[in-house]
Each structure stands twice: as C-alpha cells, then as structure tokens.
$ cat structure-v4.cif   # mmCIF, C-alpha atoms and all ligand atoms
data_work
loop_
_atom_site.label_atom_id
_atom_site.label_comp_id
_atom_site.auth_asym_id
_atom_site.auth_seq_id
_atom_site.Cartn_x
_atom_site.Cartn_y
_atom_site.Cartn_z
CA MET A 1238 -46.02 8.42 7.70
CA THR A 1239 -43.79 6.50 10.07
CA SER A 1240 -42.27 8.39 12.95
CA PRO A 1241 -38.46 8.64 13.13
CA PRO A 1242 -36.68 6.10 15.32
CA SER A 1243 -36.42 7.09 18.97
CA ILE A 1244 -32.69 6.50 19.21
CA VAL A 1245 -30.11 6.81 16.48
CA THR A 1246 -26.52 5.85 17.26
CA ARG A 1247 -23.45 5.48 15.11
CA PHE A 1248 -20.08 3.84 14.87
CA ALA A 1249 -17.65 6.13 13.08
CA PRO A 1250 -14.30 4.44 12.48
CA SER A 1251 -11.45 5.96 10.50
CA PRO A 1252 -10.16 3.63 7.77
CA ASN A 1253 -6.49 4.03 8.50
CA GLY A 1254 -5.90 0.64 10.06
CA HIS A 1255 -7.73 -2.50 11.10
CA LEU A 1256 -10.30 -2.57 13.88
CA HIS A 1257 -9.42 -4.03 17.25
CA LEU A 1258 -11.28 -5.32 20.29
CA GLY A 1259 -11.82 -1.79 21.59
CA HIS A 1260 -13.56 -0.87 18.35
CA ALA A 1261 -15.69 -4.01 18.52
CA PHE A 1262 -16.73 -3.01 22.01
CA SER A 1263 -17.65 0.52 20.88
CA ALA A 1264 -19.60 -0.74 17.90
CA ILE A 1265 -21.53 -3.30 19.97
CA TYR A 1266 -22.27 -0.68 22.60
CA ALA A 1267 -23.77 1.73 20.06
CA HIS A 1268 -25.55 -1.05 18.20
CA ASP A 1269 -27.18 -2.55 21.29
CA MET A 1270 -28.26 0.81 22.63
CA ALA A 1271 -30.15 1.54 19.43
CA LYS A 1272 -31.59 -1.95 19.01
CA ARG A 1273 -32.89 -2.13 22.58
CA ALA A 1274 -34.96 0.98 21.87
CA ASP A 1275 -36.02 -0.19 18.43
CA GLY A 1276 -33.82 2.56 17.04
CA GLU A 1277 -31.25 2.76 14.30
CA PHE A 1278 -27.53 2.06 14.24
CA LEU A 1279 -25.47 3.78 11.54
CA LEU A 1280 -22.00 3.18 10.15
CA ARG A 1281 -20.16 6.29 9.06
CA ILE A 1282 -16.69 6.00 7.61
CA GLU A 1283 -14.53 8.95 8.72
CA ASP A 1284 -12.22 8.99 5.73
CA ILE A 1285 -11.11 12.57 5.23
CA ASP A 1286 -7.60 11.99 6.45
CA GLY A 1287 -6.31 11.81 2.87
CA PRO A 1288 -3.35 9.50 2.36
CA ARG A 1289 -3.86 7.64 5.62
CA SER A 1290 -7.41 6.56 4.67
CA ARG A 1291 -7.75 3.49 2.49
CA PRO A 1292 -11.07 2.13 1.16
CA GLU A 1293 -9.92 -1.49 1.69
CA PHE A 1294 -10.05 -0.91 5.43
CA ALA A 1295 -13.67 0.26 5.25
CA ASP A 1296 -14.57 -2.95 3.37
CA GLU A 1297 -12.90 -4.96 6.12
CA PHE A 1298 -14.84 -3.00 8.77
CA ARG A 1299 -18.11 -4.16 7.24
CA ARG A 1300 -16.94 -7.77 7.25
CA ASP A 1301 -15.90 -7.36 10.91
CA LEU A 1302 -19.27 -5.93 11.97
CA GLU A 1303 -21.12 -8.66 10.11
CA TRP A 1304 -18.94 -11.27 11.78
CA LEU A 1305 -19.87 -9.78 15.18
CA GLY A 1306 -23.53 -10.19 14.24
CA LEU A 1307 -24.34 -6.47 14.04
CA GLU A 1308 -26.86 -4.84 11.72
CA TRP A 1309 -26.42 -1.30 10.56
CA ARG A 1310 -27.33 1.26 7.93
CA ASP A 1311 -24.52 2.85 5.93
CA VAL A 1312 -24.49 6.63 5.67
CA ALA A 1313 -22.28 8.74 3.41
CA PRO A 1314 -18.58 8.64 4.24
CA GLN A 1315 -17.00 11.93 5.23
CA SER A 1316 -15.16 12.22 1.91
CA GLN A 1317 -18.57 12.84 0.29
CA ARG A 1318 -19.51 15.63 2.67
CA LEU A 1319 -16.75 18.15 2.10
CA ASP A 1320 -19.15 20.79 0.76
CA SER A 1321 -21.11 20.86 3.98
CA TYR A 1322 -17.89 21.28 5.98
CA GLU A 1323 -16.84 24.18 3.80
CA ALA A 1324 -20.21 25.86 4.19
CA MET A 1325 -20.19 25.57 7.97
CA ALA A 1326 -16.56 26.66 8.21
CA GLY A 1327 -17.57 29.70 6.14
CA GLN A 1328 -20.24 30.50 8.74
CA LEU A 1329 -17.66 30.37 11.52
CA VAL A 1330 -15.40 32.68 9.50
CA ASP A 1331 -18.26 35.14 8.99
CA MET A 1332 -18.97 35.08 12.71
CA GLY A 1333 -15.32 35.88 13.48
CA MET A 1334 -14.97 32.70 15.54
CA VAL A 1335 -11.87 31.32 13.82
CA TYR A 1336 -8.43 32.65 12.98
CA PRO A 1337 -5.70 31.36 10.71
CA CYS A 1338 -2.77 29.59 12.30
CA THR A 1339 0.39 29.41 10.28
CA CYS A 1340 2.50 27.72 12.94
CA THR A 1341 4.39 24.63 11.94
CA ARG A 1342 4.24 21.51 14.06
CA ALA A 1343 7.75 22.22 15.31
CA GLU A 1344 6.81 25.76 16.27
CA ILE A 1345 3.79 24.56 18.21
CA ALA A 1346 5.86 21.94 20.02
CA GLY A 1347 8.48 24.62 20.82
CA LEU A 1348 5.94 27.02 22.33
CA LYS A 1349 5.97 25.04 25.56
CA ASP A 1350 2.25 25.47 25.92
CA ARG A 1351 0.51 24.02 28.90
CA ARG A 1352 -0.47 20.38 28.92
CA GLY A 1353 -4.16 19.62 28.63
CA ALA A 1354 -6.31 16.51 28.69
CA ASP A 1355 -5.18 15.51 25.20
CA GLY A 1356 -1.57 16.61 25.19
CA LEU A 1357 -0.21 20.04 24.43
CA VAL A 1358 -2.67 22.93 24.31
CA TYR A 1359 -1.97 25.56 21.70
CA ALA A 1360 -1.15 28.93 23.29
CA GLY A 1361 -3.12 30.97 20.78
CA SER A 1362 -0.10 32.82 19.45
CA CYS A 1363 -1.75 33.40 16.04
CA ARG A 1364 -4.94 34.85 17.58
CA GLY A 1365 -5.90 38.03 15.83
CA LEU A 1366 -4.11 37.19 12.58
CA PRO A 1367 -6.29 38.34 9.68
CA LEU A 1368 -7.55 35.80 7.16
CA ASP A 1369 -5.60 35.91 3.94
CA PRO A 1370 -7.14 33.89 1.09
CA ASP A 1371 -3.76 33.80 -0.67
CA ARG A 1372 -2.05 32.15 2.24
CA PRO A 1373 -3.40 28.70 3.05
CA ALA A 1374 -3.52 28.08 6.78
CA ALA A 1375 -5.31 25.99 9.34
CA LEU A 1376 -8.25 27.69 11.08
CA ARG A 1377 -8.49 27.55 14.84
CA LEU A 1378 -11.50 28.19 17.03
CA ASP A 1379 -11.13 31.26 19.23
CA ILE A 1380 -12.39 29.57 22.36
CA ASP A 1381 -12.48 32.71 24.51
CA ARG A 1382 -14.49 34.58 21.92
CA ALA A 1383 -16.90 31.67 21.53
CA MET A 1384 -17.38 31.33 25.28
CA GLU A 1385 -17.94 35.06 25.72
CA THR A 1386 -20.55 35.04 23.00
CA LEU A 1387 -22.35 31.90 24.11
CA GLY A 1388 -22.13 32.02 27.89
CA GLU A 1389 -22.42 28.86 29.94
CA LEU A 1390 -23.42 25.73 28.06
CA ILE A 1391 -24.46 22.40 29.48
CA TRP A 1392 -24.33 18.97 27.92
CA THR A 1393 -25.58 15.65 29.18
CA ASP A 1394 -23.62 12.48 29.52
CA GLU A 1395 -25.71 9.49 30.53
CA GLU A 1396 -23.04 8.43 33.01
CA ALA A 1397 -21.54 11.72 34.17
CA GLY A 1398 -24.82 13.66 34.26
CA SER A 1399 -24.96 17.37 33.42
CA VAL A 1400 -21.60 18.72 32.39
CA ILE A 1401 -20.65 22.38 32.00
CA ALA A 1402 -18.87 22.80 28.69
CA ASP A 1403 -15.25 23.66 29.38
CA PRO A 1404 -13.57 23.73 26.00
CA ARG A 1405 -10.56 25.51 27.41
CA GLU A 1406 -9.33 22.03 28.31
CA LEU A 1407 -8.43 21.56 24.66
CA GLY A 1408 -7.69 25.18 23.84
CA ASP A 1409 -8.06 26.74 20.40
CA VAL A 1410 -8.53 23.51 18.47
CA VAL A 1411 -8.04 23.31 14.72
CA LEU A 1412 -11.40 23.24 12.93
CA VAL A 1413 -10.17 23.47 9.36
CA ARG A 1414 -6.89 21.87 8.47
CA LYS A 1415 -4.53 23.47 6.02
CA ASP A 1416 -5.01 20.53 3.64
CA LEU A 1417 -8.64 19.64 4.46
CA PRO A 1418 -11.92 21.54 4.83
CA ALA A 1419 -12.49 20.13 8.33
CA SER A 1420 -10.80 18.59 11.33
CA TYR A 1421 -12.28 15.69 13.28
CA HIS A 1422 -14.10 18.09 15.62
CA LEU A 1423 -15.88 20.04 12.91
CA ALA A 1424 -16.63 17.08 10.65
CA ALA A 1425 -17.96 14.80 13.39
CA THR A 1426 -20.18 17.54 14.83
CA ILE A 1427 -21.70 18.40 11.46
CA ASP A 1428 -22.16 14.75 10.53
CA ASP A 1429 -23.81 13.74 13.78
CA ALA A 1430 -26.39 16.48 13.17
CA ALA A 1431 -26.85 15.58 9.50
CA ASP A 1432 -27.28 11.91 10.36
CA GLY A 1433 -29.86 12.63 13.04
CA ILE A 1434 -27.76 11.04 15.78
CA THR A 1435 -29.65 11.30 19.06
CA THR A 1436 -27.04 9.60 21.23
CA VAL A 1437 -23.35 9.89 20.57
CA THR A 1438 -21.53 6.93 22.06
CA ARG A 1439 -17.77 6.76 22.26
CA GLY A 1440 -14.92 6.07 24.65
CA THR A 1441 -14.16 8.26 27.63
CA ASP A 1442 -10.86 9.06 25.88
CA LEU A 1443 -12.89 11.50 23.77
CA PHE A 1444 -14.74 13.08 26.69
CA SER A 1445 -12.86 16.38 26.43
CA SER A 1446 -13.69 16.66 22.72
CA THR A 1447 -17.35 16.82 23.60
CA HIS A 1448 -16.90 20.23 25.21
CA VAL A 1449 -15.76 21.55 21.86
CA HIS A 1450 -18.54 19.79 19.96
CA ARG A 1451 -21.13 21.33 22.25
CA ILE A 1452 -19.75 24.81 21.48
CA LEU A 1453 -19.81 24.10 17.76
CA GLN A 1454 -23.42 22.93 17.91
CA GLU A 1455 -24.39 26.18 19.55
CA LEU A 1456 -22.45 28.34 17.10
CA LEU A 1457 -23.81 26.48 14.08
CA GLU A 1458 -27.34 26.08 15.49
CA LEU A 1459 -27.23 22.30 15.27
CA PRO A 1460 -29.36 19.95 17.36
CA VAL A 1461 -27.77 18.79 20.62
CA PRO A 1462 -27.66 15.02 21.16
CA HIS A 1463 -27.05 13.12 24.38
CA TRP A 1464 -23.71 11.49 24.99
CA HIS A 1465 -22.66 8.17 26.45
CA HIS A 1466 -18.94 7.99 27.06
CA HIS A 1467 -18.17 4.36 27.77
CA PRO A 1468 -15.03 3.03 29.44
CA VAL A 1469 -12.23 2.26 27.04
CA LEU A 1470 -11.55 -1.45 26.90
CA LEU A 1471 -8.13 -2.19 28.38
CA ASP A 1472 -5.88 -5.18 28.01
CA ASP A 1473 -4.70 -7.34 30.89
CA ASP A 1474 -2.00 -4.85 31.83
CA GLY A 1475 -4.48 -1.98 31.96
CA GLN A 1476 -3.19 -0.50 28.69
CA LYS A 1477 -5.41 0.83 25.94
CA LEU A 1478 -5.73 -1.80 23.21
CA ALA A 1479 -4.02 -0.66 20.10
CA LYS A 1480 -2.48 -2.17 17.07
CA ARG A 1481 0.93 -0.85 17.91
CA ARG A 1482 0.85 -2.85 21.10
CA GLY A 1483 0.39 -6.01 19.10
CA SER A 1484 -3.20 -6.93 19.96
CA PRO A 1485 -4.68 -8.96 17.09
CA SER A 1486 -7.08 -7.11 14.79
CA LEU A 1487 -10.67 -8.23 14.34
CA LYS A 1488 -9.70 -9.26 10.82
CA ASP A 1489 -6.96 -11.57 12.21
CA ARG A 1490 -9.42 -13.10 14.65
CA ARG A 1491 -12.09 -13.51 11.99
CA GLU A 1492 -9.67 -15.09 9.53
CA SER A 1493 -8.30 -17.45 12.15
CA GLY A 1494 -11.79 -18.95 12.42
CA GLU A 1495 -12.79 -17.45 15.79
CA ASP A 1496 -16.54 -17.21 16.34
CA GLY A 1497 -17.52 -13.54 16.10
CA LEU A 1498 -20.89 -14.02 17.78
CA SER A 1499 -19.36 -15.50 20.90
CA LEU A 1500 -16.69 -12.79 20.97
CA ALA A 1501 -19.49 -10.22 20.86
CA GLU A 1502 -21.20 -11.99 23.77
CA GLN A 1503 -17.98 -11.98 25.78
CA LEU A 1504 -17.58 -8.25 25.25
CA ARG A 1505 -21.15 -7.64 26.37
CA MET A 1506 -20.56 -9.71 29.52
CA GLN A 1507 -17.31 -7.94 30.27
CA HIS A 1508 -19.10 -4.63 30.05
CA MET A 1509 -21.88 -5.73 32.37
CA GLN A 1510 -19.35 -7.04 34.89
CA SER A 1511 -17.48 -3.75 34.85
CA GLY A 1512 -20.68 -2.26 36.23
CA THR A 1513 -21.14 0.49 33.68
N1 LIG A 1601 -13.33 8.57 13.76
C1 LIG A 1601 -13.22 8.75 15.17
C2 LIG A 1601 -12.35 7.66 15.75
O1 LIG A 1601 -12.20 6.61 15.12
C3 LIG A 1601 -14.63 8.71 15.77
C4 LIG A 1601 -14.70 9.24 17.13
C5 LIG A 1601 -16.18 9.48 17.55
O2 LIG A 1601 -16.91 8.51 17.74
O3 LIG A 1601 -16.57 10.64 17.65
O4 LIG A 1601 -11.79 7.82 16.80
ZN ZN A 1602 -0.32 29.58 15.12
#

$ encode --input "structure-v4.cif" --output "structure tokens"
Amino acid sequence: MTSPPSIVTRFAPSPNGHLHLGHAFSAIYAHDMAKRADGEFLLRIEDIDGPRSRPEFADEFRRDLEWLGLEWRDVAPQSQRLDSYEAMAGQLVDMGMVYPCTCTRAEIAGLKDRRGADGLVYAGSCRGLPLDPDRPAALRLDIDRAMETLGELIWTDEEAGSVIADPRELGDVVLVRKDLPASYHLAATIDDAADGITTVTRGTDLFSSTHVHRILQELLELPVPHWHHHPVLLDDDGQKLAKRRGSPSLKDRRESGEDGLSLAEQLRMQHMQSGT
C-alpha cells in the first residue's frame, strides 16, 4: 500500500468568467507547493452558482492551466456534491446552529448593519425564527451560539502564524442559500475535507472567511488543514486584477500566442521578489 501524499493542495475556480493573472498566480502557488513536497495538486470546479456557472469556462480553465505548464488531478465539481452539502446542512439544523433568514437583499442593505472585513455584516434580525419547511429561506449560521458551544478555536496560517478564530468579523454568514443547498463557505469547507486537502492556499482577500471555515470544521467534525493566504496579485496601480478592470484573461493571452511557461516563470519570480 502506498502512503497518501504529504501535501494536497487545490485550485478551486468558479466557472463564471475567464481566469486572469491573479488566478494564474494562485494556481501556480498551490501547484508548486504540492510538487515541491512530492504531493498532489487538485482542480475543483466550484460550479454551484447556477445560471452564472458555464461548463465552457471550466474547459477553458484546463487549457489555461496546461498552457502554464501545470499538472493536476481533477476532482468532482461542486455540482456533483449537492447531497453531501444537504447532509451536512441537516446536521447543523439538528444542532440548532442555523436559522432561516427571509430578508430580501434590499432589506439587508436597509438594516444599516455595521461594516465588516467583507462589506456589510448582517445584524442577525432573523435570529430565533423557527424553521418552516413550507417556507424556503436561506439558512444563516448563529455565530454567537457556535462560539459559545465551541469556545476558543485556533487555526494556523503559514504566514500569519496561530490565529484565534474570530468569525464575528463576517457575522451570521449564509450557509445554505434559498436556491442552493450550500453557500461558498459550507461547500468549500466540506469539499476541502472530502478531497483530503492538507493545505488550503488562497489570496489574503479570503482571510476572514477562514475564521468561519474553522468553526464549520469543528461543528461538523472535519479535519483541520493548514492555510497559506498569499498576497493578491495587484496591477501597476495597486488595484486587484479583475476582468472588469480590463486586464486580459489568460485565454486572451494564450490565444494571442504568448508563451505560458515563461509567464508562469515571471509570476514565480514576482512572488519571490515580493518576499513572501
Ligand atoms: N471558488 C472560490 C473563488 O474562486 C475559491 C476560493 C477558495 O480558494 O477557497 O474565489
Ligand atoms: Zn433575515
């Protein structure tokens, strides 16, 4: 019997648009970390966001990664894992850790809740509402209840060191959407465990999400990986690279004949020079 690889990392893009330089950087980062340790690098397509997800994008992602010279193993896309999300959400319901939220977007925006790391934090106005199977609603995590039950939790970021989980930064996040059996937080946490991810790598823009994921792991008795939050690649003006700001996609670069291997090398160099 062969022993499992020491390090398993993943790149988990959502197929709702083309990949950009920032994604290439994230993918290379996760890939190289696994390969250096003779580990495994996985590609997971996070495609539960119904109408916004399109399979053509996922096909392009594979061409992009190949062009960058990366090797990976495909694991099941999120759209094939809905049963496991439902089962875990059911556990959280049984534990009394979630409550239905019937607020509309406009209502939430009008509540003038405090601002958190990722924008508005929901004030918890639906806390205590009973679950009603006849009335479809999003389910939110009752953060205070979870924290009281679990006590202090620690997680480890390879750069930041030991971090005390402080999920109040994000507030009572949605775990089950009204139209979907999971939100990003629930799905990604369950999948990372199912895929045997030992080291979750992603941009520092998702640092605050990790507090919530750590809580979910504890509630659902899932293994706890290590995290590496890497700097988000910025453009020359210090702005986050994004399609809406007109930076060319990897597909554009690939189709214009640019050499993907040398682009990958440049991104590696840039990272080393940034000292992280
Ligand atoms: N699908 C998420 C994204 O594209 C993945 C984030 C993560 O790595 O956890 O932002
Ligand atoms: Zn509500």

$ closest_residue --input "structure-v4.cif" --among "A:Glu1396, A:Glu1406, A:Asp1489, A:Asp1429" --to "ligand LIG 1601 (chain A)" --atoms "only C-alpha atoms and all ligand atoms"
A:Asp1429

$ closest_residue --input "structure-v4.cif" --among "A:Leu1378, A:Ala1324, A:Ile1282, A:Leu1319" --to "ligand ZN 1602 (chain A)" --atoms "all atoms listed in the file"
A:Leu1378

$ residues_near_ligand --input "structure-v4.cif" --ligand "ligand ZN 1602 (chain A)" --cutoff "7 Å" --atoms "only C-alpha atoms and all ligand atoms" --output "list in words"
Cys1338, Thr1339, Cys1340, Gly1361, Ser1362 and Cys1363 of chain A

$ residues_near_ligand --input "structure-v4.cif" --ligand "ligand LIG 1601 (chain A)" --cutoff "6 Å" --atoms "only C-alpha atoms and all ligand atoms" --output "list in words"
Ala1249, Pro1250, Ser1251, Glu1283 and Arg1439 of chain A

$ residues_around --input "structure-v4.cif" --residues "stretch 1267-1270 of chain A" --least-positions-apart "6" --cutoff "7 Å" --atoms "only C-alpha atoms" --output "list in words"
Thr1246, Arg1247, Phe1248, Phe1278, Leu1307 and Thr1438 of chain A

$ residues_around --input "structure-v4.cif" --residues "A:Glu1303" --least-positions-apart "5" --cutoff "10 Å" --atoms "only C-alpha atoms" --output "list of chain:residue names"
A:Glu1297, A:Phe1298, A:Glu1308, A:Trp1309, A:Gly1497, A:Leu1498

$ closest_residue --input "structure-v4.cif" --among "A:Ala1431, A:Asp1371, A:Phe1444, A:Leu1390" --to "A:Ala1313" --atoms "only C-alpha atoms"
A:Ala1431

$ atom_distance --input "structure-v4.cif" --atom1 "atom CA of A:His1450" --atom2 "atom CA of A:Leu1471"
25.7 Å

$ closest_residue --input "structure-v4.cif" --among "A:Thr1393, A:Tyr1266, A:Gly1347, A:Leu1457" --to "A:Leu1329" --atoms "all atoms listed in the file"
A:Leu1457

$ atom_distance --input "structure-v4.cif" --atom1 "atom CA of A:Leu1453" --atom2 "atom CA of A:Asp1381"
13.2 Å
